[in-house]
$ cat model_7.cif   # mmCIF, N, CA and C atoms
data_input
loop_
_atom_site.label_atom_id
_atom_site.label_comp_id
_atom_site.auth_asym_id
_atom_site.auth_seq_id
_atom_site.Cartn_x
_atom_site.Cartn_y
_atom_site.Cartn_z
N MET A 1164 0.84 -1.16 0.00
CA MET A 1164 0.00 0.00 0.00
C MET A 1164 0.90 1.24 0.00
N MET A 1165 0.62 2.16 -0.88
CA MET A 1165 1.43 3.37 -1.00
C MET A 1165 0.78 4.53 -0.25
N PHE A 1166 1.60 5.44 0.23
CA PHE A 1166 1.09 6.64 0.88
C PHE A 1166 2.04 7.79 0.57
N ASN A 1167 1.56 9.02 0.77
CA ASN A 1167 2.37 10.21 0.52
C ASN A 1167 3.26 10.45 1.73
N ILE A 1168 4.53 10.73 1.52
CA ILE A 1168 5.49 10.94 2.61
C ILE A 1168 5.03 12.07 3.54
N ASN A 1169 4.24 13.01 3.03
CA ASN A 1169 3.73 14.10 3.87
C ASN A 1169 2.77 13.59 4.95
N ASP A 1170 2.24 12.37 4.78
CA ASP A 1170 1.30 11.79 5.74
C ASP A 1170 1.97 10.85 6.74
N ILE A 1171 3.29 10.89 6.81
CA ILE A 1171 4.05 10.01 7.69
C ILE A 1171 3.73 10.31 9.17
N LYS A 1172 3.76 9.28 10.00
CA LYS A 1172 3.47 9.42 11.43
C LYS A 1172 4.44 8.56 12.24
N ASN A 1173 4.68 8.97 13.49
CA ASN A 1173 5.52 8.17 14.38
C ASN A 1173 4.88 6.81 14.61
N GLY A 1174 5.70 5.75 14.64
CA GLY A 1174 5.21 4.39 14.86
C GLY A 1174 4.82 3.68 13.58
N MET A 1175 4.65 4.42 12.48
CA MET A 1175 4.29 3.82 11.19
C MET A 1175 5.45 2.94 10.70
N THR A 1176 5.12 1.86 10.00
CA THR A 1176 6.16 1.01 9.42
C THR A 1176 6.15 1.19 7.91
N ILE A 1177 7.36 1.37 7.36
CA ILE A 1177 7.49 1.60 5.92
C ILE A 1177 8.54 0.65 5.34
N LYS A 1178 8.45 0.46 4.04
CA LYS A 1178 9.44 -0.32 3.31
C LYS A 1178 10.16 0.64 2.36
N HIS A 1179 11.47 0.77 2.54
CA HIS A 1179 12.27 1.67 1.71
C HIS A 1179 13.52 0.92 1.26
N GLU A 1180 13.70 0.80 -0.04
CA GLU A 1180 14.83 0.09 -0.64
C GLU A 1180 14.96 -1.33 -0.07
N GLY A 1181 13.82 -2.00 0.11
CA GLY A 1181 13.81 -3.39 0.56
C GLY A 1181 13.98 -3.58 2.06
N VAL A 1182 14.11 -2.50 2.81
CA VAL A 1182 14.32 -2.58 4.25
C VAL A 1182 13.04 -2.15 4.96
N ILE A 1183 12.70 -2.85 6.03
CA ILE A 1183 11.51 -2.54 6.81
C ILE A 1183 11.93 -1.62 7.97
N TYR A 1184 11.32 -0.43 8.02
CA TYR A 1184 11.64 0.54 9.06
C TYR A 1184 10.39 0.90 9.87
N GLN A 1185 10.63 1.30 11.10
CA GLN A 1185 9.59 1.92 11.92
C GLN A 1185 9.98 3.37 12.13
N VAL A 1186 9.03 4.28 11.93
CA VAL A 1186 9.31 5.71 12.08
C VAL A 1186 9.42 6.04 13.56
N VAL A 1187 10.60 6.52 13.95
CA VAL A 1187 10.84 6.93 15.33
C VAL A 1187 10.50 8.41 15.49
N ASP A 1188 10.91 9.21 14.50
CA ASP A 1188 10.66 10.65 14.55
C ASP A 1188 10.70 11.19 13.12
N PHE A 1189 10.04 12.31 12.89
CA PHE A 1189 10.07 12.94 11.58
C PHE A 1189 9.88 14.44 11.75
N GLN A 1190 10.30 15.17 10.73
CA GLN A 1190 10.15 16.63 10.75
C GLN A 1190 9.97 17.11 9.32
N HIS A 1191 8.90 17.87 9.09
CA HIS A 1191 8.68 18.50 7.79
C HIS A 1191 9.50 19.79 7.77
N VAL A 1192 10.31 19.97 6.72
CA VAL A 1192 11.17 21.14 6.62
C VAL A 1192 10.83 21.89 5.34
N LYS A 1193 10.57 23.20 5.47
CA LYS A 1193 10.29 24.05 4.32
C LYS A 1193 11.32 25.19 4.33
N PRO A 1194 12.44 24.97 3.66
CA PRO A 1194 13.48 26.01 3.65
C PRO A 1194 13.04 27.24 2.84
N GLY A 1195 13.68 28.35 3.08
CA GLY A 1195 13.36 29.57 2.34
C GLY A 1195 13.59 29.40 0.85
N LYS A 1196 14.66 28.74 0.50
CA LYS A 1196 14.95 28.44 -0.91
C LYS A 1196 14.92 26.94 -1.11
N GLY A 1197 14.57 26.52 -2.27
CA GLY A 1197 14.53 25.09 -2.58
C GLY A 1197 13.20 24.47 -2.20
N SER A 1198 13.11 23.17 -2.44
CA SER A 1198 11.85 22.48 -2.19
C SER A 1198 11.81 21.90 -0.78
N ALA A 1199 10.61 21.64 -0.30
CA ALA A 1199 10.40 21.09 1.04
C ALA A 1199 10.88 19.63 1.07
N PHE A 1200 11.21 19.17 2.28
CA PHE A 1200 11.63 17.78 2.46
C PHE A 1200 11.20 17.30 3.85
N VAL A 1201 11.32 16.00 4.05
CA VAL A 1201 10.95 15.38 5.32
C VAL A 1201 12.17 14.66 5.86
N LYS A 1202 12.62 15.09 7.05
CA LYS A 1202 13.73 14.42 7.74
C LYS A 1202 13.14 13.37 8.65
N THR A 1203 13.64 12.15 8.55
CA THR A 1203 13.10 11.07 9.37
C THR A 1203 14.20 10.39 10.16
N LYS A 1204 13.81 9.84 11.29
CA LYS A 1204 14.68 8.96 12.07
C LYS A 1204 13.97 7.62 12.04
N LEU A 1205 14.61 6.61 11.45
CA LEU A 1205 13.97 5.32 11.21
C LEU A 1205 14.73 4.19 11.90
N LYS A 1206 13.98 3.25 12.46
CA LYS A 1206 14.58 2.07 13.08
C LYS A 1206 14.43 0.89 12.13
N ASN A 1207 15.55 0.31 11.75
CA ASN A 1207 15.57 -0.88 10.90
C ASN A 1207 15.08 -2.05 11.76
N LEU A 1208 13.92 -2.60 11.44
CA LEU A 1208 13.34 -3.66 12.26
C LEU A 1208 14.06 -4.99 12.14
N ARG A 1209 14.83 -5.19 11.10
CA ARG A 1209 15.61 -6.43 10.97
C ARG A 1209 16.92 -6.32 11.74
N ALA A 1210 17.62 -5.20 11.60
CA ALA A 1210 18.95 -5.04 12.20
C ALA A 1210 18.91 -4.39 13.58
N GLY A 1211 17.82 -3.68 13.88
CA GLY A 1211 17.73 -3.00 15.17
C GLY A 1211 18.46 -1.68 15.23
N THR A 1212 19.04 -1.26 14.13
CA THR A 1212 19.78 0.00 14.09
C THR A 1212 18.85 1.16 13.75
N THR A 1213 19.29 2.36 14.09
CA THR A 1213 18.52 3.57 13.78
C THR A 1213 19.34 4.44 12.86
N GLN A 1214 18.69 5.04 11.87
CA GLN A 1214 19.39 5.94 10.97
C GLN A 1214 18.47 7.07 10.55
N GLU A 1215 19.08 8.15 10.09
CA GLU A 1215 18.32 9.29 9.61
C GLU A 1215 18.32 9.29 8.09
N ILE A 1216 17.13 9.44 7.50
CA ILE A 1216 17.00 9.49 6.05
C ILE A 1216 16.12 10.69 5.72
N THR A 1217 16.52 11.44 4.69
CA THR A 1217 15.76 12.60 4.24
C THR A 1217 15.07 12.26 2.93
N PHE A 1218 13.78 12.60 2.83
CA PHE A 1218 13.00 12.35 1.63
C PHE A 1218 12.48 13.67 1.09
N ASN A 1219 12.37 13.78 -0.23
CA ASN A 1219 11.72 14.95 -0.84
C ASN A 1219 10.24 14.91 -0.50
N ALA A 1220 9.66 16.07 -0.23
CA ALA A 1220 8.23 16.15 0.09
C ALA A 1220 7.42 15.72 -1.12
N GLY A 1221 6.30 15.06 -0.86
CA GLY A 1221 5.38 14.68 -1.93
C GLY A 1221 5.63 13.34 -2.59
N ILE A 1222 6.74 12.65 -2.25
CA ILE A 1222 6.99 11.35 -2.89
C ILE A 1222 6.08 10.29 -2.29
N LYS A 1223 5.92 9.21 -2.99
CA LYS A 1223 5.11 8.09 -2.53
C LYS A 1223 6.03 7.07 -1.87
N MET A 1224 5.58 6.52 -0.73
CA MET A 1224 6.32 5.50 0.00
C MET A 1224 5.44 4.26 0.13
N GLU A 1225 6.08 3.13 0.35
CA GLU A 1225 5.33 1.90 0.54
C GLU A 1225 5.18 1.64 2.04
N LYS A 1226 3.94 1.43 2.46
CA LYS A 1226 3.67 1.11 3.86
C LYS A 1226 3.89 -0.39 4.04
N ALA A 1227 4.60 -0.76 5.10
CA ALA A 1227 4.84 -2.17 5.39
C ALA A 1227 3.80 -2.66 6.39
N ASP A 1228 3.16 -3.75 6.07
CA ASP A 1228 2.13 -4.31 6.96
C ASP A 1228 2.81 -5.20 7.99
N VAL A 1229 3.27 -4.56 9.06
CA VAL A 1229 3.92 -5.28 10.15
C VAL A 1229 2.88 -5.49 11.24
N ARG A 1230 2.75 -6.75 11.66
CA ARG A 1230 1.79 -7.01 12.72
C ARG A 1230 2.53 -7.45 13.97
N LYS A 1231 1.92 -7.18 15.10
CA LYS A 1231 2.51 -7.54 16.38
C LYS A 1231 1.67 -8.64 17.01
N SER A 1232 2.34 -9.64 17.55
CA SER A 1232 1.64 -10.70 18.27
C SER A 1232 2.27 -10.86 19.65
N GLN A 1233 1.42 -11.03 20.65
CA GLN A 1233 1.93 -11.25 21.99
C GLN A 1233 2.15 -12.74 22.17
N LEU A 1234 3.40 -13.11 22.44
CA LEU A 1234 3.78 -14.50 22.61
C LEU A 1234 4.46 -14.68 23.96
N SER A 1235 4.44 -15.90 24.44
CA SER A 1235 5.06 -16.24 25.71
C SER A 1235 6.36 -16.99 25.45
N TYR A 1236 7.43 -16.58 26.16
CA TYR A 1236 8.73 -17.25 26.00
C TYR A 1236 8.68 -18.61 26.70
N LEU A 1237 9.12 -19.65 25.98
CA LEU A 1237 9.12 -21.00 26.55
C LEU A 1237 10.51 -21.43 27.01
N TYR A 1238 11.47 -21.52 26.05
CA TYR A 1238 12.79 -22.03 26.40
C TYR A 1238 13.78 -21.74 25.27
N ALA A 1239 15.07 -21.92 25.59
CA ALA A 1239 16.13 -21.80 24.59
C ALA A 1239 16.44 -23.19 24.06
N ALA A 1240 16.68 -23.26 22.74
CA ALA A 1240 17.04 -24.52 22.09
C ALA A 1240 18.25 -24.26 21.21
N GLY A 1241 19.43 -24.45 21.77
CA GLY A 1241 20.65 -24.13 21.02
C GLY A 1241 20.75 -22.63 20.81
N ASP A 1242 20.87 -22.21 19.54
CA ASP A 1242 20.95 -20.78 19.21
C ASP A 1242 19.58 -20.18 18.92
N ASN A 1243 18.52 -20.91 19.21
CA ASN A 1243 17.16 -20.43 18.97
C ASN A 1243 16.40 -20.27 20.27
N PHE A 1244 15.40 -19.41 20.23
CA PHE A 1244 14.53 -19.19 21.37
C PHE A 1244 13.10 -19.53 20.93
N VAL A 1245 12.38 -20.28 21.76
CA VAL A 1245 11.07 -20.78 21.39
C VAL A 1245 9.99 -19.97 22.13
N PHE A 1246 8.99 -19.50 21.37
CA PHE A 1246 7.88 -18.72 21.90
C PHE A 1246 6.58 -19.41 21.50
N MET A 1247 5.51 -19.16 22.28
CA MET A 1247 4.22 -19.77 21.96
C MET A 1247 3.12 -18.70 22.02
N ASP A 1248 2.23 -18.79 21.02
CA ASP A 1248 1.03 -17.98 21.00
C ASP A 1248 0.04 -18.64 21.96
N MET A 1249 -0.33 -17.93 23.03
CA MET A 1249 -1.18 -18.53 24.06
C MET A 1249 -2.62 -18.74 23.60
N ASN A 1250 -3.02 -18.12 22.48
CA ASN A 1250 -4.37 -18.31 21.95
C ASN A 1250 -4.46 -19.53 21.04
N THR A 1251 -3.47 -19.68 20.16
CA THR A 1251 -3.52 -20.76 19.17
C THR A 1251 -2.60 -21.93 19.54
N TYR A 1252 -1.70 -21.70 20.49
CA TYR A 1252 -0.69 -22.68 20.91
C TYR A 1252 0.32 -22.97 19.82
N ASP A 1253 0.38 -22.12 18.79
CA ASP A 1253 1.43 -22.25 17.77
C ASP A 1253 2.76 -21.85 18.40
N GLN A 1254 3.82 -22.57 18.00
CA GLN A 1254 5.15 -22.25 18.52
C GLN A 1254 6.01 -21.67 17.41
N PHE A 1255 6.86 -20.71 17.79
CA PHE A 1255 7.75 -20.03 16.85
C PHE A 1255 9.15 -20.03 17.41
N GLU A 1256 10.13 -20.21 16.52
CA GLU A 1256 11.53 -20.14 16.93
C GLU A 1256 12.16 -18.89 16.34
N LEU A 1257 12.90 -18.17 17.17
CA LEU A 1257 13.63 -16.99 16.73
C LEU A 1257 15.11 -17.23 16.98
N GLU A 1258 15.94 -16.85 16.01
CA GLU A 1258 17.38 -17.00 16.18
C GLU A 1258 17.90 -15.97 17.16
N ALA A 1259 18.97 -16.33 17.86
CA ALA A 1259 19.58 -15.43 18.84
C ALA A 1259 19.99 -14.11 18.21
N SER A 1260 20.42 -14.15 16.94
CA SER A 1260 20.86 -12.92 16.26
C SER A 1260 19.72 -11.93 16.09
N VAL A 1261 18.48 -12.42 15.96
CA VAL A 1261 17.31 -11.54 15.82
C VAL A 1261 16.97 -10.91 17.17
N ILE A 1262 17.12 -11.67 18.24
CA ILE A 1262 16.77 -11.19 19.57
C ILE A 1262 17.84 -10.27 20.14
N GLY A 1263 19.10 -10.54 19.82
CA GLY A 1263 20.20 -9.69 20.27
C GLY A 1263 20.33 -9.66 21.78
N ASP A 1264 20.59 -8.46 22.33
CA ASP A 1264 20.82 -8.30 23.77
C ASP A 1264 19.58 -8.58 24.60
N ASN A 1265 18.40 -8.57 23.98
CA ASN A 1265 17.18 -8.85 24.73
C ASN A 1265 17.16 -10.27 25.29
N ALA A 1266 18.00 -11.15 24.74
CA ALA A 1266 18.01 -12.55 25.17
C ALA A 1266 18.32 -12.68 26.66
N LYS A 1267 19.17 -11.82 27.19
CA LYS A 1267 19.54 -11.96 28.61
C LYS A 1267 18.39 -11.60 29.56
N PHE A 1268 17.32 -10.98 29.04
CA PHE A 1268 16.17 -10.63 29.87
C PHE A 1268 15.03 -11.63 29.77
N LEU A 1269 15.18 -12.64 28.92
CA LEU A 1269 14.11 -13.61 28.74
C LEU A 1269 14.10 -14.61 29.87
N LYS A 1270 12.91 -14.85 30.43
CA LYS A 1270 12.74 -15.91 31.41
C LYS A 1270 11.43 -16.63 31.09
N GLU A 1271 11.34 -17.87 31.48
CA GLU A 1271 10.19 -18.70 31.14
C GLU A 1271 8.88 -18.02 31.54
N GLY A 1272 7.94 -17.98 30.58
CA GLY A 1272 6.63 -17.40 30.83
C GLY A 1272 6.53 -15.90 30.54
N LEU A 1273 7.64 -15.23 30.25
CA LEU A 1273 7.62 -13.80 29.97
C LEU A 1273 6.87 -13.55 28.66
N GLU A 1274 5.91 -12.63 28.68
CA GLU A 1274 5.16 -12.31 27.48
C GLU A 1274 5.82 -11.13 26.77
N VAL A 1275 6.09 -11.30 25.48
CA VAL A 1275 6.76 -10.29 24.67
C VAL A 1275 5.93 -10.04 23.41
N LEU A 1276 6.19 -8.90 22.76
CA LEU A 1276 5.59 -8.63 21.46
C LEU A 1276 6.58 -9.06 20.39
N ILE A 1277 6.11 -9.80 19.42
CA ILE A 1277 6.97 -10.20 18.29
C ILE A 1277 6.40 -9.54 17.04
N PHE A 1278 7.31 -8.93 16.26
CA PHE A 1278 6.92 -8.24 15.04
C PHE A 1278 7.06 -9.19 13.86
N PHE A 1279 5.99 -9.29 13.06
CA PHE A 1279 5.98 -10.14 11.87
C PHE A 1279 5.78 -9.26 10.64
N TYR A 1280 6.57 -9.52 9.59
CA TYR A 1280 6.33 -8.92 8.28
C TYR A 1280 6.14 -10.09 7.33
N GLU A 1281 4.92 -10.21 6.80
CA GLU A 1281 4.52 -11.38 6.03
C GLU A 1281 4.75 -12.59 6.92
N SER A 1282 5.59 -13.55 6.56
CA SER A 1282 5.82 -14.69 7.45
C SER A 1282 7.16 -14.58 8.19
N GLU A 1283 7.87 -13.48 8.01
CA GLU A 1283 9.18 -13.28 8.63
C GLU A 1283 9.04 -12.63 10.00
N MET A 1284 9.71 -13.21 11.00
CA MET A 1284 9.74 -12.62 12.33
C MET A 1284 10.90 -11.63 12.37
N LEU A 1285 10.58 -10.37 12.66
CA LEU A 1285 11.59 -9.32 12.61
C LEU A 1285 12.30 -9.11 13.94
N GLY A 1286 11.64 -9.35 15.03
CA GLY A 1286 12.27 -9.12 16.33
C GLY A 1286 11.23 -9.07 17.44
N ILE A 1287 11.73 -8.74 18.64
CA ILE A 1287 10.84 -8.73 19.80
C ILE A 1287 10.90 -7.39 20.51
N GLU A 1288 9.86 -7.13 21.28
CA GLU A 1288 9.83 -5.97 22.16
C GLU A 1288 9.49 -6.49 23.54
N LEU A 1289 10.38 -6.21 24.50
CA LEU A 1289 10.16 -6.65 25.87
C LEU A 1289 9.12 -5.78 26.55
N PRO A 1290 8.47 -6.31 27.59
CA PRO A 1290 7.56 -5.46 28.36
C PRO A 1290 8.37 -4.34 29.05
N GLU A 1291 7.71 -3.23 29.36
CA GLU A 1291 8.44 -2.11 29.96
C GLU A 1291 8.97 -2.43 31.34
N LYS A 1292 8.24 -3.23 32.07
CA LYS A 1292 8.69 -3.59 33.42
C LYS A 1292 8.92 -5.08 33.46
N ILE A 1293 10.12 -5.47 33.86
CA ILE A 1293 10.46 -6.89 33.96
C ILE A 1293 10.82 -7.17 35.41
N ASP A 1294 10.16 -8.16 36.00
CA ASP A 1294 10.48 -8.57 37.38
C ASP A 1294 11.56 -9.63 37.32
N PHE A 1295 12.58 -9.48 38.17
CA PHE A 1295 13.66 -10.47 38.20
C PHE A 1295 13.55 -11.36 39.40
#
$ encode --input "model_7.cif" --output "structure tokens"
Amino acid sequence: MMFNINDIKNGMTIKHEGVIYQVVDFQHVKPGKGSAFVKTKLKNLRAGTTQEITFNAGIKMEKADVRKSQLSYLYAAGDNFVFMDMNTYDQFELEASVIGDNAKFLKEGLEVLIFFYESEMLGIELPEKIDF
């Protein structure tokens, strides 16, 4: 689905040059000379990195249909971490490289949000408060 870059919002997910990003921040800039542009701060949902990208105002962007599912952490299996959807009881494995530093905060039964793009799991979001 395409949208005009002028309609960008924080939290929106976009696909740019094959990469899935979440908009962290944006600013519409109208300089005295030259054409307007949009400065964005985007989080790469696959790599976890953040970068700033500037777009010309008025261009069309592709919206990425990223969905979030709340899953419960079950256990580690080698270099993978196993999660379960408590509604459907489907189990999903995520590689340690996708989870990154969040792995040290995982404990059995912890409920996390997992981001999916099509059938690809992009990463996890831990709850704001974790009891140890």
$ resolve_selection --input "model_7.cif" --expression "the PyMOL selection byres (((chain A and resi 1255-1269 and name CA) around 7) and name CA)" --output "list in words"
Asp1242, Asn1243, Phe1244, Val1245, Phe1246, Met1247, Asp1253, Gln1254, Lys1270, Glu1271, Leu1273, Leu1285, Gly1286 and Ile1287 of chain A
$ select_by_dssp --input "model_7.cif" --residues "segment 1179-1239 of chain A" --states "strand (DSSP E or B)" --output "PyMOL selection string"
chain A and resi 1179+1182-1192+1200-1207+1213-1219+1223-1226+1229-1239
$ closest_residue --input "model_7.cif" --among "A:Gln1190, A:Ile1183, A:Met1175, A:Thr1212" --to "Glu1283 of chain A" --atoms "only C-alpha atoms"
A:Ile1183
$ closest_residue --input "model_7.cif" --among "A:Val1192, A:Ile1222, A:Tyr1238, A:Ile1216" --to "Asn1167 of chain A" --atoms "only N, CA and C atoms"
A:Ile1222
$ atom_distance --input "model_7.cif" --atom1 "atom N of Ala1210 of chain A" --atom2 "atom CA of Ser1235 of chain A"
21.9 Å
$ atom_distance --input "model_7.cif" --atom1 "atom N of Ser1198 of chain A" --atom2 "atom C of Ala1227 of chain A"
28.8 Å
$ resolve_selection --input "model_7.cif" --expression "the PyMOL selection byres ((chain A and resi 1217) around 5)" --output "list of chain:residue names"
A:Val1201, A:Lys1202, A:Thr1203, A:Glu1215, A:Ile1216, A:Phe1218, A:Asn1219
$ write_last_selection --input "model_7.cif" --atoms "N, CA and C atoms" --output "CSV table (one decimal), in the frame of the given file"
chain,number,residue,atom,x,y,z
A,1201,VAL,N,11.3,16.0,4.0
A,1201,VAL,CA,11.0,15.4,5.3
A,1201,VAL,C,12.2,14.7,5.9
A,1202,LYS,N,12.6,15.1,7.0
A,1202,LYS,CA,13.7,14.4,7.7
A,1202,LYS,C,13.1,13.4,8.6
A,1203,THR,N,13.6,12.2,8.6
A,1203,THR,CA,13.1,11.1,9.4
A,1203,THR,C,14.2,10.4,10.2
A,1215,GLU,N,19.1,8.2,10.1
A,1215,GLU,CA,18.3,9.3,9.6
A,1215,GLU,C,18.3,9.3,8.1
A,1216,ILE,N,17.1,9.4,7.5
A,1216,ILE,CA,17.0,9.5,6.0
A,1216,ILE,C,16.1,10.7,5.7
A,1218,PHE,N,13.8,12.6,2.8
A,1218,PHE,CA,13.0,12.4,1.6
A,1218,PHE,C,12.5,13.7,1.1
A,1219,ASN,N,12.4,13.8,-0.2
A,1219,ASN,CA,11.7,15.0,-0.8
A,1219,ASN,C,10.2,14.9,-0.5
$ select_by_dssp --input "model_7.cif" --residues "segment 1166-1287 of chain A" --states "alpha helix (DSSP H)" --output "list in words"
Ala1259, Ser1260, Val1261 and Ile1262 of chain A
$ atom_distance --input "model_7.cif" --atom1 "atom CA of Tyr1184 of chain A" --atom2 "atom CA of Leu1205 of chain A"
5.7 Å
$ residues_around --input "model_7.cif" --residues "Met1165 of chain A" --least-positions-apart "6" --cutoff "8 Å" --atoms "only N, CA and C atoms" --output "list in words"
Lys1223, Met1224, Glu1225, Lys1226 and Ala1227 of chain A
$ build_atoms --input "model_7.cif" --residues "segment 1208-1227 of chain A" --atoms "N, CA, C and O atoms" --output "PDB file, in the frame of the given file"
ATOM      1  N   LEU A1208      13.920  -2.600  11.440  1.00  0.00           N
ATOM      2  CA  LEU A1208      13.340  -3.660  12.260  1.00  0.00           C
ATOM      3  C   LEU A1208      14.060  -4.990  12.140  1.00  0.00           C
ATOM      4  O   LEU A1208      13.927  -5.842  13.001  1.00  0.00           O
ATOM      5  N   ARG A1209      14.830  -5.190  11.100  1.00  0.00           N
ATOM      6  CA  ARG A1209      15.610  -6.430  10.970  1.00  0.00           C
ATOM      7  C   ARG A1209      16.920  -6.320  11.740  1.00  0.00           C
ATOM      8  O   ARG A1209      17.310  -7.245  12.438  1.00  0.00           O
ATOM      9  N   ALA A1210      17.620  -5.200  11.600  1.00  0.00           N
ATOM     10  CA  ALA A1210      18.950  -5.040  12.200  1.00  0.00           C
ATOM     11  C   ALA A1210      18.910  -4.390  13.580  1.00  0.00           C
ATOM     12  O   ALA A1210      19.858  -4.492  14.334  1.00  0.00           O
ATOM     13  N   GLY A1211      17.820  -3.680  13.880  1.00  0.00           N
ATOM     14  CA  GLY A1211      17.730  -3.000  15.170  1.00  0.00           C
ATOM     15  C   GLY A1211      18.460  -1.680  15.230  1.00  0.00           C
ATOM     16  O   GLY A1211      18.484  -1.036  16.264  1.00  0.00           O
ATOM     17  N   THR A1212      19.040  -1.260  14.130  1.00  0.00           N
ATOM     18  CA  THR A1212      19.780   0.000  14.090  1.00  0.00           C
ATOM     19  C   THR A1212      18.850   1.160  13.750  1.00  0.00           C
ATOM     20  O   THR A1212      17.785   0.969  13.194  1.00  0.00           O
ATOM     21  N   THR A1213      19.290   2.360  14.090  1.00  0.00           N
ATOM     22  CA  THR A1213      18.520   3.570  13.780  1.00  0.00           C
ATOM     23  C   THR A1213      19.340   4.440  12.860  1.00  0.00           C
ATOM     24  O   THR A1213      20.554   4.562  13.033  1.00  0.00           O
ATOM     25  N   GLN A1214      18.690   5.040  11.870  1.00  0.00           N
ATOM     26  CA  GLN A1214      19.390   5.940  10.970  1.00  0.00           C
ATOM     27  C   GLN A1214      18.470   7.070  10.550  1.00  0.00           C
ATOM     28  O   GLN A1214      17.251   6.971  10.663  1.00  0.00           O
ATOM     29  N   GLU A1215      19.080   8.150  10.090  1.00  0.00           N
ATOM     30  CA  GLU A1215      18.320   9.290   9.610  1.00  0.00           C
ATOM     31  C   GLU A1215      18.320   9.290   8.090  1.00  0.00           C
ATOM     32  O   GLU A1215      19.375   9.136   7.471  1.00  0.00           O
ATOM     33  N   ILE A1216      17.130   9.440   7.500  1.00  0.00           N
ATOM     34  CA  ILE A1216      17.000   9.490   6.050  1.00  0.00           C
ATOM     35  C   ILE A1216      16.120  10.690   5.720  1.00  0.00           C
ATOM     36  O   ILE A1216      15.115  10.931   6.379  1.00  0.00           O
ATOM     37  N   THR A1217      16.520  11.440   4.690  1.00  0.00           N
ATOM     38  CA  THR A1217      15.760  12.600   4.240  1.00  0.00           C
ATOM     39  C   THR A1217      15.070  12.260   2.930  1.00  0.00           C
ATOM     40  O   THR A1217      15.688  11.707   2.018  1.00  0.00           O
ATOM     41  N   PHE A1218      13.780  12.600   2.830  1.00  0.00           N
ATOM     42  CA  PHE A1218      13.000  12.350   1.630  1.00  0.00           C
ATOM     43  C   PHE A1218      12.480  13.670   1.090  1.00  0.00           C
ATOM     44  O   PHE A1218      12.154  14.587   1.865  1.00  0.00           O
ATOM     45  N   ASN A1219      12.370  13.780  -0.230  1.00  0.00           N
ATOM     46  CA  ASN A1219      11.720  14.950  -0.840  1.00  0.00           C
ATOM     47  C   ASN A1219      10.240  14.910  -0.500  1.00  0.00           C
ATOM     48  O   ASN A1219       9.619  13.848  -0.504  1.00  0.00           O
ATOM     49  N   ALA A1220       9.660  16.070  -0.230  1.00  0.00           N
ATOM     50  CA  ALA A1220       8.230  16.150   0.090  1.00  0.00           C
ATOM     51  C   ALA A1220       7.420  15.720  -1.120  1.00  0.00           C
ATOM     52  O   ALA A1220       7.801  15.956  -2.267  1.00  0.00           O
ATOM     53  N   GLY A1221       6.300  15.060  -0.860  1.00  0.00           N
ATOM     54  CA  GLY A1221       5.380  14.680  -1.930  1.00  0.00           C
ATOM     55  C   GLY A1221       5.630  13.340  -2.590  1.00  0.00           C
ATOM     56  O   GLY A1221       4.836  12.907  -3.406  1.00  0.00           O
ATOM     57  N   ILE A1222       6.740  12.650  -2.250  1.00  0.00           N
ATOM     58  CA  ILE A1222       6.990  11.350  -2.890  1.00  0.00           C
ATOM     59  C   ILE A1222       6.080  10.290  -2.290  1.00  0.00           C
ATOM     60  O   ILE A1222       5.539  10.449  -1.196  1.00  0.00           O
ATOM     61  N   LYS A1223       5.920   9.210  -2.990  1.00  0.00           N
ATOM     62  CA  LYS A1223       5.110   8.090  -2.530  1.00  0.00           C
ATOM     63  C   LYS A1223       6.030   7.070  -1.870  1.00  0.00           C
ATOM     64  O   LYS A1223       7.114   6.769  -2.365  1.00  0.00           O
ATOM     65  N   MET A1224       5.580   6.520  -0.730  1.00  0.00           N
ATOM     66  CA  MET A1224       6.320   5.500   0.000  1.00  0.00           C
ATOM     67  C   MET A1224       5.440   4.260   0.130  1.00  0.00           C
ATOM     68  O   MET A1224       4.217   4.352   0.070  1.00  0.00           O
ATOM     69  N   GLU A1225       6.080   3.130   0.350  1.00  0.00           N
ATOM     70  CA  GLU A1225       5.330   1.900   0.540  1.00  0.00           C
ATOM     71  C   GLU A1225       5.180   1.640   2.040  1.00  0.00           C
ATOM     72  O   GLU A1225       6.154   1.627   2.783  1.00  0.00           O
ATOM     73  N   LYS A1226       3.940   1.430   2.460  1.00  0.00           N
ATOM     74  CA  LYS A1226       3.670   1.110   3.860  1.00  0.00           C
ATOM     75  C   LYS A1226       3.890  -0.390   4.040  1.00  0.00           C
ATOM     76  O   LYS A1226       3.440  -1.192   3.234  1.00  0.00           O
ATOM     77  N   ALA A1227       4.600  -0.760   5.100  1.00  0.00           N
ATOM     78  CA  ALA A1227       4.840  -2.170   5.390  1.00  0.00           C
ATOM     79  C   ALA A1227       3.800  -2.660   6.390  1.00  0.00           C
ATOM     80  O   ALA A1227       3.594  -2.034   7.427  1.00  0.00           O
TER      81      ALA A1227
END
